[in-house]
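Below is final18.cif, which holds mmCIF, C-alpha atoms and all ligand atoms.
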data_target
#
loop_
_atom_site.label_atom_id
_atom_site.label_comp_id
_atom_site.auth_asym_id
_atom_site.auth_seq_id
_atom_site.Cartn_x
_atom_site.Cartn_y
_atom_site.Cartn_z
CA MET A 169 -7.07 -3.77 -39.14
CA ASN A 170 -3.68 -3.45 -37.49
CA GLU A 171 -3.68 0.31 -37.67
CA LEU A 172 -3.22 1.73 -34.20
CA ALA A 173 -6.30 3.35 -32.67
CA LEU A 174 -4.15 6.38 -31.81
CA LEU A 175 -3.60 6.84 -35.55
CA GLY A 176 -7.24 6.36 -36.51
CA GLY A 177 -7.55 2.55 -36.48
CA THR A 178 -10.08 0.44 -34.56
CA PRO A 179 -9.37 -0.11 -30.86
CA VAL A 180 -8.83 -3.69 -29.69
CA LEU A 181 -11.23 -3.12 -26.78
CA ASP A 182 -14.15 -1.04 -27.96
CA LYS A 183 -15.69 -0.78 -24.47
CA CYS A 184 -14.68 0.43 -21.03
CA LEU A 185 -13.71 -2.36 -18.67
CA GLU A 186 -16.29 -2.88 -15.93
CA PRO A 187 -15.23 -1.99 -12.38
CA TYR A 188 -14.49 -4.97 -10.13
CA ASN A 189 -17.14 -5.54 -7.48
CA SER A 190 -16.25 -7.98 -4.73
CA LEU A 191 -19.50 -7.36 -2.82
CA GLY A 192 -22.47 -9.71 -3.14
CA LEU A 193 -25.50 -11.14 -1.42
CA ASP A 194 -23.57 -12.35 1.62
CA GLU A 195 -22.29 -8.85 2.36
CA GLU A 196 -25.83 -7.53 1.87
CA LYS A 197 -27.20 -10.05 4.38
CA ALA A 198 -24.45 -9.26 6.87
CA VAL A 199 -25.22 -5.54 6.68
CA VAL A 200 -28.96 -6.07 7.10
CA GLU A 201 -28.32 -8.22 10.15
CA VAL A 202 -26.25 -5.46 11.75
CA VAL A 203 -28.83 -2.79 10.93
CA LYS A 204 -31.56 -4.97 12.44
CA SER A 205 -29.47 -5.38 15.60
CA GLY A 206 -29.60 -1.61 16.07
CA CYS A 207 -25.90 -1.51 16.95
CA LEU A 208 -23.86 0.23 14.25
CA SER A 209 -20.93 0.78 16.58
CA GLY A 210 -20.22 -0.92 19.87
CA PHE A 211 -17.30 1.31 20.88
CA TYR A 212 -17.21 3.32 24.04
CA GLY A 213 -14.43 5.85 24.71
CA SER A 214 -13.75 4.76 28.27
CA TRP A 215 -12.40 1.71 30.10
CA ARG A 216 -15.53 -0.44 29.90
CA ASP A 217 -16.66 -3.39 27.80
CA GLY A 218 -17.18 -1.09 24.81
CA PHE A 219 -13.52 -0.04 24.84
CA LEU A 220 -12.72 -2.91 22.50
CA GLY A 221 -15.65 -2.34 20.16
CA GLY A 222 -18.84 -4.22 19.33
CA PRO A 223 -19.37 -7.93 18.63
CA LYS A 224 -18.73 -7.79 14.88
CA VAL A 225 -15.53 -5.78 15.33
CA GLN A 226 -14.22 -8.30 17.83
CA GLU A 227 -15.30 -11.26 15.71
CA PHE A 228 -13.60 -9.74 12.67
CA GLU A 229 -10.38 -9.08 14.58
CA ASN A 230 -10.38 -12.68 15.84
CA ALA A 231 -10.98 -14.10 12.39
CA TRP A 232 -8.16 -11.96 10.98
CA LYS A 233 -5.87 -13.05 13.80
CA HIS A 234 -6.46 -16.73 13.04
CA TYR A 235 -6.21 -16.33 9.30
CA PHE A 236 -2.93 -14.43 9.40
CA CYS A 237 -1.52 -16.39 12.37
CA VAL A 238 -0.73 -13.34 14.45
CA GLU A 239 -1.14 -12.69 18.19
CA ASN A 240 -3.05 -9.39 18.09
CA VAL A 241 -5.23 -7.61 15.56
CA ILE A 242 -6.53 -4.09 16.03
CA SER A 243 -9.07 -2.90 13.48
CA VAL A 244 -9.10 0.77 12.51
CA ASN A 245 -11.07 2.98 10.14
CA SER A 246 -8.29 3.18 7.52
CA ALA A 247 -4.72 2.10 6.92
CA THR A 248 -3.75 5.76 7.25
CA SER A 249 -5.14 5.69 10.80
CA GLY A 250 -3.31 2.41 11.38
CA LEU A 251 0.02 3.90 10.28
CA TYR A 252 -0.52 6.99 12.45
CA ALA A 253 -1.45 4.81 15.43
CA ALA A 254 1.62 2.64 14.82
CA MET A 255 3.88 5.69 15.04
CA GLY A 256 2.22 6.63 18.32
CA ALA A 257 2.40 3.11 19.69
CA ILE A 258 6.17 2.83 19.21
CA GLY A 259 6.60 6.04 21.20
CA LEU A 260 7.77 8.18 18.29
CA SER A 261 8.81 11.57 19.65
CA PRO A 262 9.75 14.96 18.15
CA GLY A 263 12.96 14.77 16.15
CA ASP A 264 13.01 10.98 15.88
CA GLU A 265 13.79 9.79 12.37
CA VAL A 266 11.76 7.24 10.45
CA ILE A 267 13.10 5.73 7.25
CA VAL A 268 10.45 5.53 4.52
CA PRO A 269 10.43 4.86 0.78
CA PRO A 270 9.63 7.75 -1.59
CA THR A 271 7.56 5.57 -3.90
CA THR A 272 4.34 4.82 -2.06
CA MET A 273 1.01 6.36 -1.18
CA SER A 274 1.52 9.60 0.75
CA ALA A 275 0.18 8.34 4.11
CA THR A 276 3.33 6.23 4.60
CA ALA A 277 5.53 9.31 4.78
CA MET A 278 2.97 11.49 6.60
CA ALA A 279 2.72 9.09 9.53
CA PRO A 280 5.95 10.18 11.30
CA LEU A 281 5.01 13.87 10.90
CA ILE A 282 1.91 13.41 13.08
CA TYR A 283 4.18 12.83 16.10
CA GLY A 284 6.88 15.35 15.16
CA GLY A 285 9.01 12.64 13.59
CA ILE A 286 11.21 13.27 10.57
CA PRO A 287 10.67 11.16 7.45
CA VAL A 288 14.01 10.10 5.97
CA PHE A 289 13.72 8.84 2.40
CA ALA A 290 15.78 5.81 1.43
CA ASP A 291 15.92 4.78 -2.22
CA ILE A 292 14.10 1.80 -3.66
CA ASP A 293 15.30 -1.31 -5.43
CA GLU A 294 14.88 -1.04 -9.20
CA ASP A 295 13.60 -4.61 -9.58
CA THR A 296 11.16 -4.92 -6.67
CA PHE A 297 10.24 -1.20 -6.28
CA CYS A 298 10.43 -1.72 -2.49
CA LEU A 299 12.98 -0.21 -0.07
CA GLY A 300 16.58 -1.04 -1.00
CA LEU A 301 18.56 -2.55 1.86
CA GLU A 302 21.78 -0.70 1.12
CA SER A 303 20.10 2.68 1.03
CA VAL A 304 18.28 1.90 4.29
CA ARG A 305 21.58 0.99 5.96
CA GLN A 306 23.17 4.25 4.77
CA ASN A 307 20.34 6.29 6.24
CA ILE A 308 20.33 4.82 9.74
CA THR A 309 21.57 7.27 12.39
CA GLU A 310 21.43 7.36 16.19
CA LYS A 311 18.11 9.21 15.79
CA THR A 312 16.42 6.45 13.76
CA LYS A 313 13.45 5.08 15.64
CA ALA A 314 11.77 3.02 12.94
CA ILE A 315 11.67 1.89 9.34
CA ILE A 316 8.39 1.80 7.46
CA VAL A 317 8.70 -0.72 4.66
CA VAL A 318 5.97 -0.81 2.03
CA ASN A 319 5.14 -4.10 0.33
CA LEU A 320 4.48 -2.14 -2.81
CA PHE A 321 2.12 -3.24 -5.56
CA GLY A 322 1.71 -6.55 -3.70
CA GLN A 323 5.41 -7.48 -3.56
CA ALA A 324 7.20 -8.27 -0.28
CA GLY A 325 9.97 -5.87 0.68
CA PRO A 326 13.16 -7.42 2.12
CA LEU A 327 11.30 -8.12 5.36
CA LYS A 328 13.40 -10.79 7.00
CA GLU A 329 16.60 -8.82 6.47
CA LEU A 330 15.03 -5.58 7.59
CA ARG A 331 13.63 -7.21 10.70
CA GLU A 332 17.07 -8.60 11.56
CA LEU A 333 18.61 -5.17 10.97
CA CYS A 334 15.97 -3.52 13.18
CA ASP A 335 16.43 -6.07 15.94
CA THR A 336 20.19 -5.53 15.88
CA LYS A 337 19.82 -1.75 16.01
CA ASN A 338 16.94 -1.86 18.51
CA ILE A 339 14.55 0.02 16.25
CA TYR A 340 11.08 -0.82 14.99
CA LEU A 341 10.03 -2.28 11.66
CA ILE A 342 6.56 -1.20 10.57
CA GLU A 343 5.08 -2.85 7.49
CA ASP A 344 2.75 -0.80 5.33
CA ASN A 345 0.97 -3.80 3.90
CA ALA A 346 -1.95 -1.86 2.44
CA GLN A 347 -1.39 -3.38 -1.00
CA ALA A 348 -0.22 -6.89 -0.20
CA PRO A 349 -2.77 -9.13 1.50
CA LEU A 350 -1.68 -12.79 1.19
CA ALA A 351 1.71 -11.83 -0.17
CA LYS A 352 4.39 -13.92 1.52
CA GLU A 353 8.09 -13.98 2.21
CA TYR A 354 9.56 -17.38 3.13
CA ASP A 355 6.03 -18.69 3.57
CA VAL A 356 5.13 -16.07 6.17
CA PHE A 357 2.39 -13.53 5.49
CA CYS A 358 3.54 -10.01 4.77
CA GLY A 359 2.12 -7.70 7.40
CA THR A 360 3.10 -10.07 10.21
CA ILE A 361 6.91 -9.91 10.02
CA GLY A 362 7.48 -6.35 11.24
CA HIS A 363 6.69 -5.22 14.80
CA ILE A 364 3.41 -3.86 13.42
CA GLY A 365 1.84 -4.53 10.01
CA VAL A 366 -0.95 -2.40 8.61
CA PHE A 367 -3.46 -3.61 6.00
CA SER A 368 -5.92 -1.40 4.09
CA LEU A 369 -9.56 -2.20 3.45
CA ASN A 370 -10.34 0.83 1.31
CA TYR A 371 -12.44 0.26 -1.78
CA HIS A 372 -9.47 0.03 -4.19
CA LYS A 373 -8.02 -2.98 -2.44
CA HIS A 374 -8.22 -6.77 -3.04
CA ILE A 375 -10.90 -7.00 -0.36
CA HIS A 376 -12.57 -4.02 1.26
CA THR A 377 -15.10 -2.57 3.64
CA GLY A 378 -15.42 0.78 1.87
CA GLU A 379 -12.87 2.26 4.24
CA GLY A 380 -10.98 0.37 6.93
CA GLY A 381 -7.68 -1.02 8.09
CA MET A 382 -6.21 -3.81 10.22
CA CYS A 383 -3.10 -3.58 12.40
CA CYS A 384 -1.30 -6.81 13.26
CA THR A 385 1.31 -7.29 15.95
CA ASN A 386 2.83 -10.11 17.95
CA ASP A 387 3.84 -7.65 20.66
CA ASP A 388 1.21 -7.39 23.41
CA ASN A 389 2.45 -4.03 24.63
CA LEU A 390 2.24 -2.48 21.16
CA ALA A 391 -1.23 -3.97 20.79
CA ARG A 392 -2.34 -2.38 24.03
CA ARG A 393 -0.97 1.00 23.00
CA LEU A 394 -2.59 0.74 19.56
CA ARG A 395 -5.94 0.09 21.24
CA PHE A 396 -5.53 3.17 23.43
CA ILE A 397 -4.63 5.41 20.51
CA ARG A 398 -7.54 4.06 18.47
CA ASN A 399 -9.99 5.00 21.16
CA HIS A 400 -9.43 8.20 23.18
CA ALA A 401 -6.38 7.10 25.18
CA GLU A 402 -6.41 10.24 27.34
CA ALA A 403 -9.79 9.32 28.82
CA VAL A 404 -8.89 5.69 29.40
CA VAL A 405 -5.30 5.39 30.61
CA GLU A 406 -6.02 6.29 34.22
CA SER A 407 -8.64 3.59 34.76
CA ALA A 408 -6.51 1.17 32.78
CA ASP A 409 -3.57 1.93 35.07
CA GLU A 410 -1.30 2.67 32.12
CA LYS A 411 2.05 3.98 33.34
CA ASP A 412 3.76 5.04 30.09
CA LEU A 413 1.85 8.07 28.87
CA THR A 414 4.03 8.78 25.83
CA ASN A 415 1.67 9.61 22.95
CA MET A 416 -1.37 8.61 24.99
CA VAL A 417 -3.49 11.20 23.21
CA GLY A 418 -6.20 9.24 21.52
CA PHE A 419 -8.03 9.58 18.26
CA ASN A 420 -11.25 8.09 17.02
CA TYR A 421 -9.91 5.45 14.62
CA ARG A 422 -12.72 3.00 15.42
CA MET A 423 -14.26 0.65 12.90
CA THR A 424 -18.06 0.41 12.65
CA GLU A 425 -20.01 -2.82 13.09
CA LEU A 426 -21.18 -2.46 9.48
CA SER A 427 -17.63 -2.42 8.15
CA ALA A 428 -16.62 -5.32 10.37
CA ALA A 429 -19.60 -7.41 9.23
CA ILE A 430 -18.67 -6.81 5.59
CA GLY A 431 -15.01 -7.47 6.40
CA LEU A 432 -15.85 -10.88 7.86
CA VAL A 433 -17.54 -11.94 4.64
CA GLN A 434 -14.76 -10.47 2.50
CA LEU A 435 -12.10 -12.25 4.53
CA GLY A 436 -13.90 -15.53 3.82
CA ALA A 437 -13.33 -14.94 0.09
CA ILE A 438 -9.89 -13.35 0.24
CA GLU A 439 -8.11 -16.22 -1.54
CA LEU A 440 -10.52 -16.04 -4.46
CA HIS A 441 -10.08 -12.29 -4.85
CA VAL A 442 -6.29 -12.38 -4.57
CA LYS A 443 -5.99 -15.37 -6.92
CA ARG A 444 -7.95 -13.51 -9.59
CA ARG A 445 -5.42 -10.68 -9.53
CA GLN A 446 -2.51 -13.10 -9.53
CA HIS A 447 -3.90 -14.93 -12.54
CA LEU A 448 -4.54 -11.70 -14.41
CA ALA A 449 -1.05 -10.35 -13.74
CA GLN A 450 0.64 -13.63 -14.64
CA GLN A 451 -1.24 -13.79 -17.95
CA LEU A 452 -0.30 -10.22 -18.79
CA SER A 453 3.32 -10.98 -17.92
CA SER A 454 3.32 -13.98 -20.29
CA ALA A 455 1.96 -11.72 -23.04
CA ILE A 456 5.08 -9.53 -22.93
CA THR A 457 7.81 -12.15 -22.57
CA ASP A 458 8.93 -11.70 -26.18
CA LEU A 459 8.59 -7.93 -26.29
CA ASP A 460 12.12 -6.54 -25.92
CA GLY A 461 12.24 -3.45 -23.75
CA LEU A 462 9.22 -4.38 -21.63
CA THR A 463 10.10 -6.16 -18.38
CA ALA A 464 7.42 -8.05 -16.48
CA PRO A 465 7.13 -7.69 -12.69
CA PHE A 466 10.05 -9.31 -10.93
CA VAL A 467 9.11 -11.73 -8.14
CA ARG A 468 11.79 -12.40 -5.55
CA ASP A 469 12.72 -16.01 -4.76
CA ASN A 470 10.75 -17.41 -1.83
CA CYS A 471 8.07 -14.74 -2.22
CA GLU A 472 4.45 -14.68 -3.31
CA HIS A 473 3.25 -11.53 -5.05
CA ALA A 474 -0.33 -10.32 -4.51
CA TYR A 475 -0.38 -8.07 -7.61
CA TYR A 476 -2.31 -5.09 -6.34
CA ASP A 477 -0.99 -3.51 -9.52
CA TRP A 478 0.75 -5.02 -12.52
CA ILE A 479 3.86 -2.87 -12.93
CA ILE A 480 6.28 -3.27 -15.80
CA ARG A 481 9.51 -1.50 -16.67
CA TYR A 482 9.85 0.26 -20.00
CA ASP A 483 13.11 0.84 -21.80
CA ALA A 484 12.46 3.58 -24.34
CA ALA A 485 15.85 3.20 -26.03
CA GLN A 486 15.23 -0.47 -26.66
CA VAL A 487 11.58 -0.10 -27.71
CA GLY A 488 12.30 2.87 -29.94
CA VAL A 489 9.43 5.17 -28.92
CA SER A 490 8.81 7.26 -25.82
CA ARG A 491 6.96 5.79 -22.85
CA LYS A 492 4.30 8.47 -23.15
CA LEU A 493 3.51 7.60 -26.75
CA PHE A 494 3.45 3.89 -25.95
CA VAL A 495 1.03 4.43 -23.03
CA ASP A 496 -1.13 6.81 -25.08
CA ALA A 497 -1.33 4.14 -27.77
CA LEU A 498 -2.29 1.46 -25.25
CA ASN A 499 -4.96 3.70 -23.74
CA ALA A 500 -6.33 4.38 -27.21
CA GLU A 501 -6.61 0.60 -27.75
CA GLY A 502 -8.79 0.43 -24.60
CA PHE A 503 -6.03 -0.82 -22.29
CA PRO A 504 -6.19 1.53 -19.26
CA CYS A 505 -2.66 1.97 -17.98
CA PHE A 506 -0.62 4.77 -16.45
CA GLU A 507 2.93 6.10 -16.43
CA GLY A 508 5.09 6.31 -13.35
CA TYR A 509 2.80 5.67 -10.33
CA VAL A 510 3.36 8.53 -7.81
CA LYS A 511 6.01 11.22 -7.91
CA PRO A 512 8.71 10.53 -5.26
CA LEU A 513 7.04 11.87 -2.13
CA TYR A 514 9.82 14.26 -1.17
CA GLN A 515 8.80 16.25 -4.23
CA LEU A 516 5.42 17.00 -2.63
CA PRO A 517 5.12 20.67 -1.57
CA ILE A 518 5.10 19.76 2.12
CA PHE A 519 8.70 18.61 1.71
CA SER A 520 10.08 20.56 -1.24
CA ASN A 521 8.59 23.95 -0.22
CA ASN A 522 9.98 23.42 3.22
CA VAL A 523 13.45 23.34 1.77
CA ALA A 524 12.73 26.57 -0.09
CA ILE A 525 11.77 28.36 3.14
CA GLY A 526 14.70 26.95 5.06
CA ASN A 527 13.05 24.10 6.92
CA LYS A 528 11.17 26.47 9.19
CA GLY A 529 7.92 24.61 9.74
CA TYR A 530 7.45 22.10 12.56
CA PRO A 531 8.64 19.36 12.71
CA PHE A 532 11.14 20.10 9.92
CA SER A 533 12.68 22.76 12.16
CA LEU A 534 13.97 19.87 14.28
CA SER A 535 16.15 18.60 11.47
CA GLN A 536 18.80 19.82 9.05
CA ARG A 537 17.49 17.41 6.45
CA SER A 538 16.84 18.75 2.96
CA TYR A 539 14.35 17.21 0.57
CA HIS A 540 15.62 17.91 -2.89
CA LYS A 541 15.47 16.45 -6.35
CA GLY A 542 18.12 13.80 -6.80
CA LEU A 543 17.64 12.40 -3.28
CA CYS A 544 16.57 8.96 -4.51
CA PRO A 545 17.78 8.55 -8.10
CA VAL A 546 16.29 5.09 -8.64
CA ALA A 547 12.82 6.19 -7.53
CA GLU A 548 13.07 9.25 -9.78
CA ARG A 549 14.21 7.26 -12.82
CA LEU A 550 11.47 4.68 -12.42
CA TYR A 551 8.87 7.42 -12.03
CA GLU A 552 10.08 9.66 -14.83
CA GLU A 553 11.11 7.06 -17.39
CA GLU A 554 10.36 3.43 -16.71
CA ILE A 555 7.22 2.41 -14.84
CA ILE A 556 4.05 1.53 -16.70
CA GLY A 557 1.23 0.22 -14.55
CA PHE A 558 -2.18 -1.37 -14.71
CA GLU A 559 -4.57 -1.51 -11.75
CA THR A 560 -5.39 -5.19 -11.46
CA CYS A 561 -7.81 -4.61 -8.58
CA ALA A 562 -9.87 -2.03 -10.42
CA TYR A 563 -11.45 -4.05 -13.21
CA ASP A 564 -13.66 -7.07 -13.63
CA ILE A 565 -11.83 -8.95 -16.36
CA ASN A 566 -13.09 -12.14 -17.96
CA SER A 567 -10.92 -14.40 -20.09
CA GLY A 568 -12.13 -12.65 -23.26
CA ASP A 569 -11.05 -9.25 -21.94
CA LEU A 570 -7.75 -10.70 -20.83
CA GLY A 571 -7.08 -11.96 -24.35
CA LEU A 572 -7.89 -8.51 -25.73
CA LEU A 573 -5.55 -6.80 -23.26
CA SER A 574 -2.76 -9.11 -24.37
CA THR A 575 -3.60 -8.43 -28.02
CA ALA A 576 -3.50 -4.68 -27.35
CA LEU A 577 -0.01 -4.97 -25.85
CA ASN A 578 1.24 -6.93 -28.85
CA LYS A 579 -0.51 -4.69 -31.36
CA VAL A 580 1.03 -1.50 -29.96
CA PHE A 581 4.44 -3.11 -29.72
CA SER A 582 4.39 -4.52 -33.25
CA ASN A 583 3.21 -1.25 -34.77
CA ARG A 584 5.16 1.12 -32.56
CA PHE A 585 7.31 2.58 -35.33
CA ALA A 586 4.18 3.98 -36.96
CA LEU A 587 3.95 6.21 -33.89
CA ILE A 588 7.26 7.91 -34.51
CA ASN A 589 5.84 10.59 -36.81
CA LYS A 590 3.39 11.48 -34.07
CA GLU A 591 6.32 12.11 -31.79
CA LYS A 592 7.87 14.70 -34.09
C1 LIG B 601 0.82 1.76 0.27
C2 LIG B 601 -0.39 2.41 0.92
N1 LIG B 601 -0.30 2.82 2.18
C3 LIG B 601 -1.33 3.38 2.81
C4 LIG B 601 -2.54 3.57 2.18
C5 LIG B 601 -3.66 4.21 2.91
O1 LIG B 601 -4.77 3.37 2.98
P1 LIG B 601 -6.19 3.89 3.45
O2 LIG B 601 -6.87 4.46 2.26
O3 LIG B 601 -6.88 2.66 3.97
O4 LIG B 601 -5.98 4.89 4.52
C6 LIG B 601 -2.70 3.15 0.86
C7 LIG B 601 -3.96 3.35 0.14
O5 LIG B 601 -4.08 3.31 -1.03
C8 LIG B 601 -1.59 2.55 0.21
O6 LIG B 601 -1.67 2.12 -1.05
#
I need this file expressed as structure tokens, please.
Amino acid sequence: MNELALLGGTPVLDKCLEPYNSLGLDEEKAVVEVVKSGCLSGFYGSWRDGFLGGPKVQEFENAWKHYFCVENVISVNSATSGLYAAMGAIGLSPGDEVIVPPTTMSATAMAPLIYGGIPVFADIDEDTFCLGLESVRQNITEKTKAIIVVNLFGQAGPLKELRELCDTKNIYLIEDNAQAPLAKEYDVFCGTIGHIGVFSLNYHKHIHTGEGGMCCTNDDNLARRLRFIRNHAEAVVESADEKDLTNMVGFNYRMTELSAAIGLVQLGAIELHVKRRQHLAQQLSSAITDLDGLTAPFVRDNCEHAYYDWIIRYDAAQVGVSRKLFVDALNAEGFPCFEGYVKPLYQLPIFSNNVAIGNKGYPFSLSQRSYHKGLCPVAERLYEEEIIGFETCAYDINSGDLGLLSTALNKVFSNRFALINKEK
């Protein structure tokens, strides 16, 4: 009965976990109401009432503003759009440098490129997986215009310290808070500590509208510029009497009334959805406390973790089998987990091939920077050797399933030496 499924035994979970669905009757009603109203988008790309979007968009932005205690909220059609708009709003210009982490979803590091900015990769902290303060400090130059910190996997980056650093250096702190709704640092919501914070509402997230994003800022000028960039700035700035035309080329980053109506309902249940993930992650962490070589997610003092993913560190030397074999064995038991999250972003062809051709392409031609293996050793080690992850937002897990996931972890660990022959 204890024979590992990878070696022919019976899996602990003999079914696929159901996908999590946060949508219900209330979302359905909200959508029907919008369809009946005949107004699927209330935006207009000129300086009129419709410049700020339709009634649901404005109601949703207001509700978000009150919930997260922030002065301004600008909805967008994705967090990617929000990050791009944020780079425009801060006046990012060709050759400006933006410090980013290498371990994150690609949009974080693409955002500076849209305005001719140069992404500069600082290494991450091995415990939190977020930007490491020391590496950030080492990478600041007179060209640095901003830092994009990612509250990765639901964990707050060192926000207070980064904000102080940015204020001292007169540069911007942008929070990519796509994965960390309701996460907190010193009792303040992540996504509201930087000059701009960007949330994602894509369908993988704690709450969602299919696609969507929310930008938060306490700076009225940044808010105004974000609204221009969201909605055809070039056609609006003259009537709006906007004097600073830097980056006032607009996009269509507008959210639909349908998404906003769903978002309003989802926001009403955000605590429930986040708590479910927190509970799940905490239970999984308790299941591995006695398993030497597996380290549960670290939560910084004075922080609340939103557990977008449950990420553990694996020490192959201590466990005695390779990470790949361990993960294969867990998958075979019906525990869907992955190795490594994403490859450090500077290893993507857009960066690494650029080095090969001598940094010729724009905007890389504006910089002597080289993107090479070894740039961020901690990020590389965690990716290549240590991280094992489980997508807490992806599955609908009842207490029975949770018990089975814990059993699977213990079963693979206890029987791991049986895997060694497979490794040879
Ligand atoms: C850290 C991070 N940043 C940005 C994004 C982009 O979000 P969106 O899909 O809403 O554009 C994601 C999406 O997964 C993300 O995880």
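Close contacts of Met273 (chain A), defined as residues with an atom at most 10 Å away when counting only C-alpha atoms, with chain neighbours fewer than 6 positions off set aside, comprise Thr248, Val318, Leu320, Asp344, Ala346, Tyr509, Val510, Lys511, Pro512 and Leu513 of chain A.
Residue nearest Lys337 (chain A), chosen from A:Arg305, A:Ala351, A:Trp478, A:Asn319 and counting all atoms listed in the file: A:Arg305.
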Q. Counting only C-alpha atoms and all ligand atoms, which protein, DNA or RNA residues come within 7 Å of ligand LIG 601 (chain B), given as number ranges by chain?
A. A: 246-249, 272-273, 275-276, 318, 320, 344-347, 368-370, 379-381
Using all atoms listed in the file, tabulate the residues of region 338-398 of chain A lying at most 7 Å from any atom of region 223-242 of chain A, each with its closest atom pair and that distance in Å to one decimal, by chain and increasing residue number, as JSON lines.
{"residue": "A:Phe357", "atom": "CA", "partner": "A:Phe236", "partner_atom": "CA", "distance": 6.7}
{"residue": "A:Thr360", "atom": "CA", "partner": "A:Val238", "partner_atom": "CA", "distance": 6.6}
{"residue": "A:Met382", "atom": "CA", "partner": "A:Ile242", "partner_atom": "CA", "distance": 5.8}
{"residue": "A:Cys383", "atom": "CA", "partner": "A:Ile242", "partner_atom": "CA", "distance": 5.0}
{"residue": "A:Cys384", "atom": "CA", "partner": "A:Val241", "partner_atom": "CA", "distance": 4.6}
{"residue": "A:Thr385", "atom": "CA", "partner": "A:Asn240", "partner_atom": "CA", "distance": 5.3}
{"residue": "A:Asn386", "atom": "CA", "partner": "A:Glu239", "partner_atom": "CA", "distance": 4.7}
{"residue": "A:Ala391", "atom": "CA", "partner": "A:Asn240", "partner_atom": "CA", "distance": 6.3}
{"residue": "A:Arg395", "atom": "CA", "partner": "A:Ile242", "partner_atom": "CA", "distance": 6.7}
Q: Find the spatial neighbours of region 189-197 of chain A, counting all atoms listed in the file, within a cut-off of 9 Å - ignore same-chain residues fewer than 5 positions away - and output them as an MDAnalysis selection string.
A: chainID A and resid 202 374:376 429:434 437 441 562:564
Q) In Å, how far is it from CA of Ile286 (chain A) to CA of Lys313 (chain A)? A) 9.9 Å
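CA of Ile438 (chain A) is positioned 8.3 Å from CA of Leu350 (chain A).
Computed from the coordinates, the CA of His363 (chain A) to CA of Gly221 (chain A) distance equals 23.2 Å.
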Q.
Please list as a ChimeraX atom specification every residue within 9 Å of region 261-264 of chain A, counting only C-alpha atoms and excluding residues in the same chain fewer than 5 positions away.
A. /A:255-256,280-281,283-287,311-314,414-415,531-535
Q: Considering all atoms listed in the file, return as a list in words whatever protein or nucleic-acid residues lie within 12 Å of Asp569 (chain A), sequence-local ones (same chain, fewer than 6 positions apart) excluded.
A: Val180, Leu181, Asp182, Lys183, Cys184, Leu185, Glu186, Leu448, Gln451, Leu452, Gly502, Phe503, Tyr563, Thr575 and Ala576 of chain A
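When the distance limit is 9 Å and all atoms listed in the file are what count, the residues near Ala277 (chain A), minus those fewer than 5 positions from it on the same chain, are Val266, Ile267, Val268, Pro269, Pro270, Thr272, Pro287, Val288, Phe289, Ile316, Leu513 and Tyr514 of chain A.
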Selection to disk with C-alpha atoms, as a CSV table (one decimal), in the coordinates of the input:
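That gives us part.csv:
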chain,number,residue,atom,x,y,z
A,266,VAL,CA,11.8,7.2,10.4
A,267,ILE,CA,13.1,5.7,7.2
A,268,VAL,CA,10.4,5.5,4.5
A,269,PRO,CA,10.4,4.9,0.8
A,270,PRO,CA,9.6,7.8,-1.6
A,272,THR,CA,4.3,4.8,-2.1
A,287,PRO,CA,10.7,11.2,7.4
A,288,VAL,CA,14.0,10.1,6.0
A,289,PHE,CA,13.7,8.8,2.4
A,316,ILE,CA,8.4,1.8,7.5
A,513,LEU,CA,7.0,11.9,-2.1
A,514,TYR,CA,9.8,14.3,-1.2
Q. Pick the closest to Thr424 (chain A) from A:Cys298, A:Ala253, A:Ala348, A:Val199: which is it, counting all atoms listed in the file?
A. A:Val199
Q. Hey, can you pull every residue with an atom no more than 12 Å from (14.2, -17.1, 11.1), using all atoms listed in the file, and send it as a count of residues only?
A. 10
